[in-house]
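Novice: Here you go, coords31.tsv (TSV, C-alpha atoms):
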chain	number	residue	atom	x	y	z
A	1	MET	CA	289.09	5.47	71.10
A	2	SER	CA	287.43	8.32	72.99
A	3	SER	CA	284.16	8.38	74.89
A	4	PRO	CA	281.78	11.03	73.46
A	5	ASN	CA	279.15	10.43	76.12
A	6	PHE	CA	281.68	10.99	78.85
A	7	SER	CA	282.85	14.21	77.15
A	8	GLY	CA	279.31	15.52	77.48
A	9	ASP	CA	279.28	14.60	81.15
A	10	ILE	CA	282.58	16.43	81.65
A	11	ASP	CA	281.14	19.55	80.06
A	12	ALA	CA	278.14	19.40	82.38
A	13	PHE	CA	280.30	18.95	85.47
A	14	SER	CA	282.98	21.48	84.59
A	15	GLY	CA	280.71	24.45	83.86
A	16	GLU	CA	282.98	27.40	83.16
A	17	MET	CA	286.24	25.51	83.70
A	18	SER	CA	288.96	25.56	81.11
A	19	GLU	CA	289.15	22.96	78.39
A	20	VAL	CA	290.23	19.43	79.24
A	21	ASP	CA	293.97	19.14	79.53
A	22	ILE	CA	294.53	15.44	80.20
A	23	GLN	CA	293.42	12.05	78.90
A	24	ILE	CA	292.74	8.93	81.05
A	25	VAL	CA	293.75	5.82	79.11
A	26	THR	CA	292.20	2.45	80.06
A	27	SER	CA	293.22	-1.13	79.32
A	28	GLY	CA	290.74	-1.35	76.46
A	29	GLY	CA	292.16	1.74	74.76
A	30	LEU	CA	289.34	4.05	75.87
A	31	ARG	CA	290.49	7.66	76.25
A	32	ILE	CA	288.57	9.70	78.83
A	33	PRO	CA	289.06	13.50	78.72
A	34	ALA	CA	289.47	15.19	82.11
A	35	HIS	CA	290.68	18.29	83.94
A	36	SER	CA	293.91	17.90	85.83
A	37	ALA	CA	292.74	20.40	88.48
A	38	VAL	CA	289.70	18.24	89.30
A	39	LEU	CA	291.74	15.04	89.47
A	40	ALA	CA	294.37	16.62	91.69
A	41	ALA	CA	291.74	18.04	94.07
A	42	ALA	CA	289.97	14.67	94.44
A	43	SER	CA	293.02	12.38	94.76
A	44	THR	CA	296.45	13.03	96.24
A	45	VAL	CA	297.83	10.10	94.27
A	46	LEU	CA	296.65	11.60	90.98
A	47	GLU	CA	298.01	14.96	92.11
A	48	ASN	CA	301.47	13.43	92.61
A	49	ILE	CA	301.29	11.80	89.18
A	50	LEU	CA	300.34	15.11	87.58
A	51	VAL	CA	303.16	17.12	89.14
A	52	ARG	CA	305.75	14.43	88.42
A	53	PRO	CA	307.84	15.35	85.36
A	54	GLY	CA	307.33	13.06	82.39
A	55	LYS	CA	310.10	11.09	80.71
A	56	ARG	CA	309.09	12.27	77.24
A	57	ARG	CA	308.08	15.73	76.20
A	58	SER	CA	304.72	15.67	74.50
A	59	SER	CA	301.88	18.10	74.01
A	60	GLU	CA	299.39	15.42	75.15
A	61	ARG	CA	299.24	14.50	78.82
A	62	THR	CA	297.88	11.08	79.75
A	63	ILE	CA	297.36	8.94	82.86
A	64	ARG	CA	297.02	5.19	82.42
A	65	ILE	CA	294.56	3.33	84.65
A	66	LEU	CA	294.98	-0.31	83.71
A	67	GLY	CA	293.77	-3.67	84.99
A	68	VAL	CA	290.09	-2.80	85.42
A	69	PRO	CA	287.19	-2.62	82.91
A	70	CYS	CA	286.77	0.59	80.92
A	71	ASP	CA	283.27	1.20	82.28
A	72	ALA	CA	284.55	0.99	85.86
A	73	VAL	CA	287.22	3.61	85.09
A	74	SER	CA	284.56	5.86	83.55
A	75	VAL	CA	282.40	5.59	86.67
A	76	PHE	CA	285.48	6.30	88.81
A	77	ILE	CA	286.33	9.50	86.90
A	78	ARG	CA	282.70	10.62	87.03
A	79	PHE	CA	282.77	10.21	90.80
A	80	LEU	CA	285.85	12.45	91.05
A	81	TYR	CA	283.76	15.19	89.43
A	82	SER	CA	280.37	14.70	91.09
A	83	PHE	CA	281.05	12.54	94.18
A	84	LYS	CA	277.96	10.57	93.18
A	85	CYS	CA	277.50	6.93	92.27
A	86	THR	CA	274.21	5.22	91.40
A	87	GLU	CA	273.05	1.92	92.88
A	88	GLU	CA	273.26	0.30	89.46
A	89	GLN	CA	276.87	1.44	89.03
A	90	MET	CA	277.74	0.14	92.49
A	91	LYS	CA	276.07	-3.19	91.70
A	92	ARG	CA	278.00	-3.62	88.44
A	93	HIS	CA	281.40	-2.16	89.38
A	94	GLY	CA	281.55	-2.15	93.19
A	95	ILE	CA	284.56	-4.48	93.46
A	96	HIS	CA	286.59	-2.55	90.88
A	97	LEU	CA	285.60	0.81	92.36
A	98	LEU	CA	286.79	-0.31	95.80
A	99	ALA	CA	290.18	-1.23	94.33
A	100	LEU	CA	290.43	2.11	92.49
A	101	SER	CA	289.38	4.11	95.56
A	102	HIS	CA	292.05	2.36	97.61
A	103	VAL	CA	294.84	2.75	95.05
A	104	TYR	CA	294.10	6.42	94.34
A	105	LEU	CA	293.12	7.35	97.92
A	106	VAL	CA	289.54	8.52	97.45
A	107	PRO	CA	288.02	7.95	100.93
A	108	GLN	CA	284.48	9.05	100.04
A	109	LEU	CA	284.24	6.43	97.28
A	110	LYS	CA	285.92	3.80	99.45
A	111	GLN	CA	283.36	4.31	102.20
A	112	ARG	CA	280.53	4.07	99.69
A	113	CYS	CA	281.96	0.89	98.17
A	114	THR	CA	282.51	-0.71	101.56
A	115	LYS	CA	278.88	-0.15	102.51
A	116	GLY	CA	277.55	-1.19	99.10
A	117	LEU	CA	279.55	-4.42	98.90
A	118	ALA	CA	278.60	-5.37	102.47
A	119	GLU	CA	274.93	-5.06	101.52
A	120	ARG	CA	275.43	-7.24	98.43
A	121	LEU	CA	277.34	-10.17	99.89
A	122	THR	CA	276.32	-13.49	98.39
A	123	ILE	CA	277.47	-17.09	98.58
A	124	GLY	CA	279.21	-16.66	95.24
A	125	ASN	CA	281.15	-13.45	95.93
A	126	ALA	CA	281.88	-13.76	99.67
A	127	VAL	CA	285.43	-15.12	99.19
A	128	ASP	CA	286.33	-12.53	96.53
A	129	VAL	CA	285.01	-9.65	98.64
A	130	LEU	CA	286.87	-10.94	101.69
A	131	GLN	CA	290.16	-11.11	99.79
A	132	LEU	CA	289.65	-7.64	98.33
A	133	ALA	CA	288.73	-6.19	101.73
A	134	ARG	CA	292.00	-7.50	103.15
A	135	LEU	CA	294.04	-6.15	100.24
A	136	CYS	CA	292.29	-2.75	100.31
A	137	ASP	CA	292.51	-2.31	104.08
A	138	ALA	CA	288.73	-2.19	104.60
A	139	PRO	CA	288.29	-3.63	108.14
A	140	ASP	CA	284.51	-3.15	108.35
A	141	LEU	CA	283.94	-4.97	105.08
A	142	TYR	CA	286.47	-7.64	106.08
A	143	LEU	CA	284.64	-8.33	109.35
A	144	LYS	CA	281.20	-8.44	107.72
A	145	SER	CA	282.52	-10.76	105.02
A	146	MET	CA	284.05	-13.01	107.66
A	147	LYS	CA	280.77	-13.20	109.58
A	148	PHE	CA	278.80	-13.88	106.40
A	149	LEU	CA	281.23	-16.59	105.34
A	150	SER	CA	281.23	-18.14	108.82
A	151	ASN	CA	277.42	-18.23	108.96
A	152	ASN	CA	277.16	-19.78	105.48
A	153	PHE	CA	280.31	-21.88	105.42
A	154	LYS	CA	278.68	-25.14	104.26
A	155	LYS	CA	277.52	-23.44	101.06
A	156	VAL	CA	280.59	-21.26	100.57
A	157	GLU	CA	283.02	-24.18	100.70
A	158	GLU	CA	281.32	-25.67	97.63
A	159	THR	CA	282.06	-22.60	95.49
A	160	GLU	CA	284.94	-22.25	93.05
A	161	GLY	CA	286.16	-19.21	94.96
A	162	TRP	CA	286.76	-21.28	98.09
A	163	LYS	CA	288.53	-24.03	96.16
A	164	PHE	CA	290.77	-21.42	94.52
A	165	LEU	CA	291.50	-19.91	97.94
A	166	GLN	CA	292.55	-23.28	99.36
A	167	HIS	CA	295.15	-23.74	96.65
A	168	HIS	CA	296.48	-20.19	96.39
A	169	ASP	CA	296.01	-18.48	99.78
A	170	PRO	CA	296.34	-21.00	102.65
A	171	TRP	CA	297.04	-18.21	105.16
A	172	LEU	CA	293.67	-16.61	104.52
A	173	GLU	CA	292.03	-20.02	104.74
A	174	LEU	CA	293.65	-20.44	108.17
A	175	GLU	CA	292.41	-16.99	109.25
A	176	ILE	CA	288.87	-17.94	108.24
A	177	LEU	CA	288.96	-21.25	110.13
A	178	GLN	CA	290.40	-19.55	113.22
A	179	PHE	CA	287.69	-16.87	113.05
A	180	MET	CA	285.02	-19.59	112.90
A	181	ASP	CA	286.51	-21.40	115.90
A	182	GLU	CA	286.66	-18.18	117.90
A	183	ALA	CA	283.09	-17.31	116.90
A	184	GLU	CA	281.89	-20.71	118.10
A	185	LEU	CA	283.75	-20.26	121.39
A	186	ARG	CA	282.15	-16.82	121.82
A	187	LYS	CA	278.71	-18.33	121.24
A	188	LYS	CA	279.39	-21.03	123.85
A	189	ARG	CA	280.61	-18.43	126.35
A	190	THR	CA	277.54	-16.30	125.69
A	191	ARG	CA	275.19	-19.26	126.18
A	192	ARG	CA	276.98	-20.23	129.39
A	193	HIS	CA	276.86	-16.64	130.63
A	194	LYS	CA	273.12	-16.44	129.93
A	195	ARG	CA	272.50	-19.69	131.80
A	196	GLU	CA	274.54	-18.47	134.76
A	197	LEU	CA	272.83	-15.08	134.75
A	198	SER	CA	269.44	-16.79	134.69
A	199	LEU	CA	270.47	-18.87	137.71
A	200	TYR	CA	271.69	-15.81	139.62
A	201	LEU	CA	268.48	-13.95	138.81
A	202	GLN	CA	266.46	-16.90	140.11
A	203	LEU	CA	268.49	-16.91	143.32
A	204	SER	CA	268.04	-13.15	143.62
A	205	GLU	CA	264.28	-13.55	143.26
A	206	ALA	CA	264.36	-16.35	145.82
A	207	MET	CA	266.02	-13.94	148.30
A	208	ASP	CA	263.28	-11.34	147.77
A	209	CYS	CA	260.64	-14.04	147.98
A	210	LEU	CA	262.09	-15.36	151.25
A	211	GLU	CA	261.93	-11.88	152.81
A	212	HIS	CA	258.36	-11.54	151.53
A	213	ILE	CA	257.32	-14.80	153.18
A	214	CYS	CA	259.11	-14.09	156.47
A	215	THR	CA	257.84	-10.52	156.89
A	216	GLU	CA	254.45	-10.35	155.16
A	217	GLY	CA	253.41	-13.97	155.11
A	218	CYS	CA	251.91	-15.68	152.10
A	219	THR	CA	249.50	-18.43	151.15
A	220	SER	CA	250.47	-21.14	153.62
A	221	VAL	CA	253.65	-19.91	155.32
A	222	GLY	CA	254.34	-16.76	157.28
A	223	PRO	CA	256.11	-15.26	160.31
A	224	LEU	CA	255.27	-16.58	163.75
A	225	ASP	CA	253.22	-13.55	164.71
A	226	LYS	CA	250.99	-13.71	161.63
A	227	GLU	CA	248.40	-16.34	160.91
A	228	PRO	CA	248.70	-17.73	157.36
A	229	SER	CA	245.48	-18.40	155.55
A	230	ILE	CA	245.04	-21.22	153.07
A	231	LYS	CA	242.08	-19.30	151.62
A	232	ARG	CA	244.35	-16.76	149.97
A	233	ILE	CA	244.71	-16.84	146.22
A	234	PRO	CA	248.08	-18.09	144.90
A	235	CYS	CA	250.86	-15.51	145.25
A	236	SER	CA	251.39	-13.51	142.06
A	237	LYS	CA	254.25	-11.38	143.37
A	238	PHE	CA	257.00	-13.95	142.77
A	239	ASP	CA	257.12	-16.90	140.40
A	240	THR	CA	259.15	-18.87	142.94
A	241	CYS	CA	256.86	-18.19	145.91
A	242	GLN	CA	254.77	-21.34	145.79
A	243	GLY	CA	257.82	-23.60	145.34
A	244	LEU	CA	259.70	-21.88	148.15
A	245	GLN	CA	256.73	-22.27	150.49
A	246	LEU	CA	256.65	-26.01	149.76
A	247	LEU	CA	260.39	-26.19	150.50
A	248	ILE	CA	259.92	-24.30	153.78
A	249	ARG	CA	257.08	-26.59	154.86
A	250	HIS	CA	259.26	-29.60	154.17
A	251	PHE	CA	262.22	-28.03	156.00
A	252	ALA	CA	260.10	-27.32	159.07
A	253	THR	CA	258.88	-30.89	159.41
A	254	CYS	CA	261.69	-33.05	157.98
A	255	LYS	CA	263.21	-35.56	160.40
A	256	ARG	CA	266.46	-36.06	158.42
A	257	ARG	CA	267.62	-32.43	158.19
A	258	THR	CA	269.77	-32.59	161.34
A	259	ASN	CA	272.13	-35.29	160.04
A	260	GLY	CA	272.35	-33.81	156.54
A	261	GLY	CA	270.64	-36.71	154.84
A	262	CYS	CA	267.96	-34.70	153.01
A	263	LEU	CA	268.82	-32.94	149.73
A	264	ARG	CA	265.79	-30.63	149.93
A	265	CYS	CA	266.81	-29.51	153.39
A	266	LYS	CA	270.37	-28.89	152.17
A	267	ARG	CA	268.94	-26.65	149.49
A	268	MET	CA	266.97	-24.73	152.12
A	269	TRP	CA	270.10	-24.36	154.27
A	270	GLN	CA	271.92	-22.88	151.28
A	271	ILE	CA	269.07	-20.42	150.61
A	272	LEU	CA	269.10	-19.27	154.27
A	273	ARG	CA	272.88	-18.98	154.22
A	274	LEU	CA	272.81	-16.99	150.98
A	275	HIS	CA	270.23	-14.63	152.45
A	276	ALA	CA	272.43	-14.04	155.50
A	277	SER	CA	275.39	-13.29	153.22
A	278	ILE	CA	273.56	-10.48	151.40
A	279	CYS	CA	271.32	-9.24	154.23
A	280	ASP	CA	272.20	-5.75	155.48
A	281	GLN	CA	269.85	-5.80	158.49
A	282	SER	CA	271.59	-5.97	161.86
A	283	ASN	CA	269.03	-7.32	164.35
A	284	ASP	CA	265.72	-6.61	162.66
A	285	CYS	CA	265.78	-9.37	160.02
A	286	GLN	CA	262.92	-11.84	160.42
A	287	VAL	CA	264.40	-14.57	158.23
A	288	PRO	CA	265.21	-17.62	160.37
A	289	LEU	CA	268.88	-18.34	161.20
A	290	CYS	CA	270.04	-15.07	159.60
A	291	ARG	CA	271.83	-13.86	162.74
A	292	GLN	CA	273.39	-17.28	163.44
A	293	PHE	CA	274.85	-17.49	159.94
A	294	LYS	CA	276.26	-13.96	160.25
A	295	LEU	CA	277.95	-14.82	163.55
A	296	LYS	CA	279.40	-17.98	162.01
A	297	VAL	CA	280.84	-15.97	159.12
A	298	GLN	CA	282.38	-13.46	161.54
A	299	GLN	CA	284.07	-16.29	163.43
A	300	LYS	CA	285.19	-18.58	160.59
A	301	GLY	CA	284.74	-16.57	157.39
A	302	ASP	CA	283.52	-17.81	153.99
A	303	ASP	CA	285.41	-19.67	151.29
A	304	GLU	CA	286.24	-17.85	148.03
A	305	LEU	CA	283.78	-19.88	145.96
A	306	TRP	CA	280.89	-18.86	148.18
A	307	LYS	CA	282.02	-15.22	148.16
A	308	SER	CA	282.04	-15.30	144.36
A	309	LEU	CA	278.47	-16.67	144.32
A	310	VAL	CA	277.33	-13.93	146.71
A	311	ARG	CA	278.90	-11.19	144.54
A	312	LYS	CA	277.21	-12.50	141.41
A	313	VAL	CA	273.80	-12.77	143.07
A	314	VAL	CA	274.11	-9.23	144.44
A	315	SER	CA	275.10	-8.00	140.97
A	316	ALA	CA	272.15	-9.81	139.35
A	317	ARG	CA	269.86	-8.34	142.00
A	318	ALA	CA	271.06	-4.83	141.25
A	319	MET	CA	270.69	-5.31	137.47
A	320	SER	CA	267.17	-6.69	137.93
A	321	PHE	CA	266.20	-3.67	140.01
A	322	LEU	CA	267.74	-1.15	137.61
A	323	SER	CA	266.02	-2.78	134.63
A	324	LEU	CA	262.65	-1.80	136.08
A	325	PRO	CA	261.09	1.48	134.90
A	326	LYS	CA	261.68	4.37	137.30
A	327	ARG	CA	257.99	4.56	138.23
A	328	LYS	CA	257.94	0.84	138.95
A	329	ARG	CA	261.00	1.14	141.22
A	330	GLU	CA	259.36	3.99	143.15
A	331	GLU	CA	256.18	1.95	143.56
A	332	GLU	CA	258.03	-1.15	144.71
A	333	PRO	CA	256.68	-1.91	148.23
A	334	LYS	CA	259.16	-1.91	151.08
A	335	MET	CA	259.29	-4.72	153.61
A	336	ASP	CA	257.88	-4.07	157.06
A	337	LEU	CA	260.77	-4.75	159.43
A	338	SER	CA	259.20	-3.29	162.58
A	339	HIS	CA	258.30	-6.65	164.10
A	340	PRO	CA	260.51	-8.25	166.77
A	341	GLN	CA	262.96	-10.91	165.56
A	342	VAL	CA	261.30	-14.22	164.91
A	343	MET	CA	263.35	-17.33	164.31
A	344	ASN	CA	260.63	-19.67	163.16
A	345	PHE	CA	257.83	-20.05	160.60
A	346	ARG	CA	254.12	-20.42	161.15
A	347	LEU	CA	252.61	-23.01	158.84
A	348	ALA	CA	248.98	-23.21	157.86
A	349	ALA	CA	247.23	-26.33	159.07
Since I need it in another form, could you write the structure as structure tokens?

Specialist:
Amino acid sequence: MSSPNFSGDIDAFSGEMSEVDIQIVTSGGLRIPAHSAVLAAASTVLENILVRPGKRRSSERTIRILGVPCDAVSVFIRFLYSFKCTEEQMKRHGIHLLALSHVYLVPQLKQRCTKGLAERLTIGNAVDVLQLARLCDAPDLYLKSMKFLSNNFKKVEETEGWKFLQHHDPWLELEILQFMDEAELRKKRTRRHKRELSLYLQLSEAMDCLEHICTEGCTSVGPLDKEPSIKRIPCSKFDTCQGLQLLIRHFATCKRRTNGGCLRCKRMWQILRLHASICDQSNDCQVPLCRQFKLKVQQKGDDELWKSLVRKVVSARAMSFLSLPKRKREEEPKMDLSHPQVMNFRLAA
């Protein structure tokens, strides 16, 4: 059985080429006329088949492409001539075309099939596409199928494809379950990293806010040589400014800070210590206890856990600064460090 419609297509594609000299035979008995020169140019596998001497001498040359529907073979041969494939053809024969492109080494078609199948993943075909992607060495499609299956596993495990996989391919089932476990671990690590980064960014902002309070003064707290005014509007420069001012006011008046019995004062000690660890001012810093903490570090050093915290805060500070637009960075006001060193706060009455 020959395909008259396909013969017309061949004539249109071939132009002034010689007459067809080979027949493609499908599983359903369909015979597709073709030009051996075109097939050999499009596929090295077909080229090797064509140059291989036949076992029987015959005036008719044929190539058998079995195991796939006749229509899929017709679309495949058309692609070898035109390197074109419609969306409808990809929708109907994408899986078979991927297998043919892999077997006969047609990279252009394989790339097209990989993209087309990835866009058409469904609950019903996810397992089949995943298996085919592994067999056809299509890593991009394999990864996208894995992610789709992992994100929709509750629905996929109810399909017949998943049940068949459990009974006939336990190794692939294990790969899928391992991928899902690793994906969940990655999500947990990402969430933890985001929480930690948020904390380091808050500490970084607290360091900037502390310098702002100790050099410029703010609503109710400021350096000793500047008079704070409670008539000022709330500080809009830092989100943490108001809370840090309340902590400083408590720290300045708390009776239990000397014996370490106050948790709020401990937090303030840690903020002052962290500032001293990242401060690059020698004797001009106006933040209280900065110099004392630096001298203590020079004498006794810091533990590794604290050093790690300092590195992460400095890194978060740098990333926060670099994330600003260039114009915003240039307009960022610089702290006035021309005042003499002050080791105390002035609190508004």

Novice: Determine, counting only C-alpha atoms, which protein, DNA and RNA residues have an atom within 8 Å of an atom of region 163-171 of chain A; residues of the same chain fewer than 5 positions away are not included. Present the result as a PyMOL selection string.

Specialist: chain A and resi 127+157-158

Novice: Expressed in Å to a single decimal, how great is the separation between CA of Val297 (chain A) and CA of Ile213 (chain A)?

Specialist: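 Distance between the two atoms: 24.3 Å.
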
Novice: Record the distance separating CA of Leu109 (chain A) and CA of Cys136 (chain A), expressed in Å with one decimal.

Specialist: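 Pair CA of Leu109 (chain A) / CA of Cys136 (chain A) returns 12.6 Å.
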
Novice: Would you compute the distance between CA of Pro288 (chain A) and CA of Lys307 (chain A)? Give it in Å to one decimal.

Specialist: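 Result for CA of Pro288 (chain A) versus CA of Lys307 (chain A): 20.9 Å, one decimal.
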
Novice: Have a look at A:Pro107, A:Pro33, A:Gly243, A:Gly116 and name the one nearest to Val20 (chain A); count all atoms listed in the file.

Specialist: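 Counting all atoms listed in the file, the residue closest to Val20 (chain A) is A:Pro33.
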
Novice: Need the shell around region 94-101 of chain A: protein/DNA/RNA residues with any atom at most 12 Å away, counting all atoms listed in the file. Skip same-chain ones fewer than 6 positions apart. Format as a ChimeraX atom specification?

Specialist: /A:42-46,65-80,83,85-88,107-121,125-126,128-138,141

Novice: Would you please work out which residue, of A:Asp208, A:Glu60, A:Asp181, A:Glu304, is nearest to Ile271 (chain A) when using only C-alpha atoms?

Specialist: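 The closest residue to Ile271 (chain A) is A:Asp208.
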
Novice: Taking 4 positions as the minimum chain separation for residues in the same chain, which residues sit within 10 Å of Leu274 (chain A) when counting all atoms listed in the file? Answer as a ChimeraX atom specification.

Specialist: /A:203-204,206-207,268-270,278-279,290,293,306-307,309-310,313

Novice: Just need the box for region 122-138 of chain A, edges along x, y and z, holding every atom the file lists for it with 5 Å tacked onto each side, so centre and edge lengths in Å to one decimal, as AutoDock Vina command-line options.

Specialist:
--center_x 285.2 --center_y -9.6 --center_z 99.9 --size_x 27.7 --size_y 24.9 --size_z 19.4
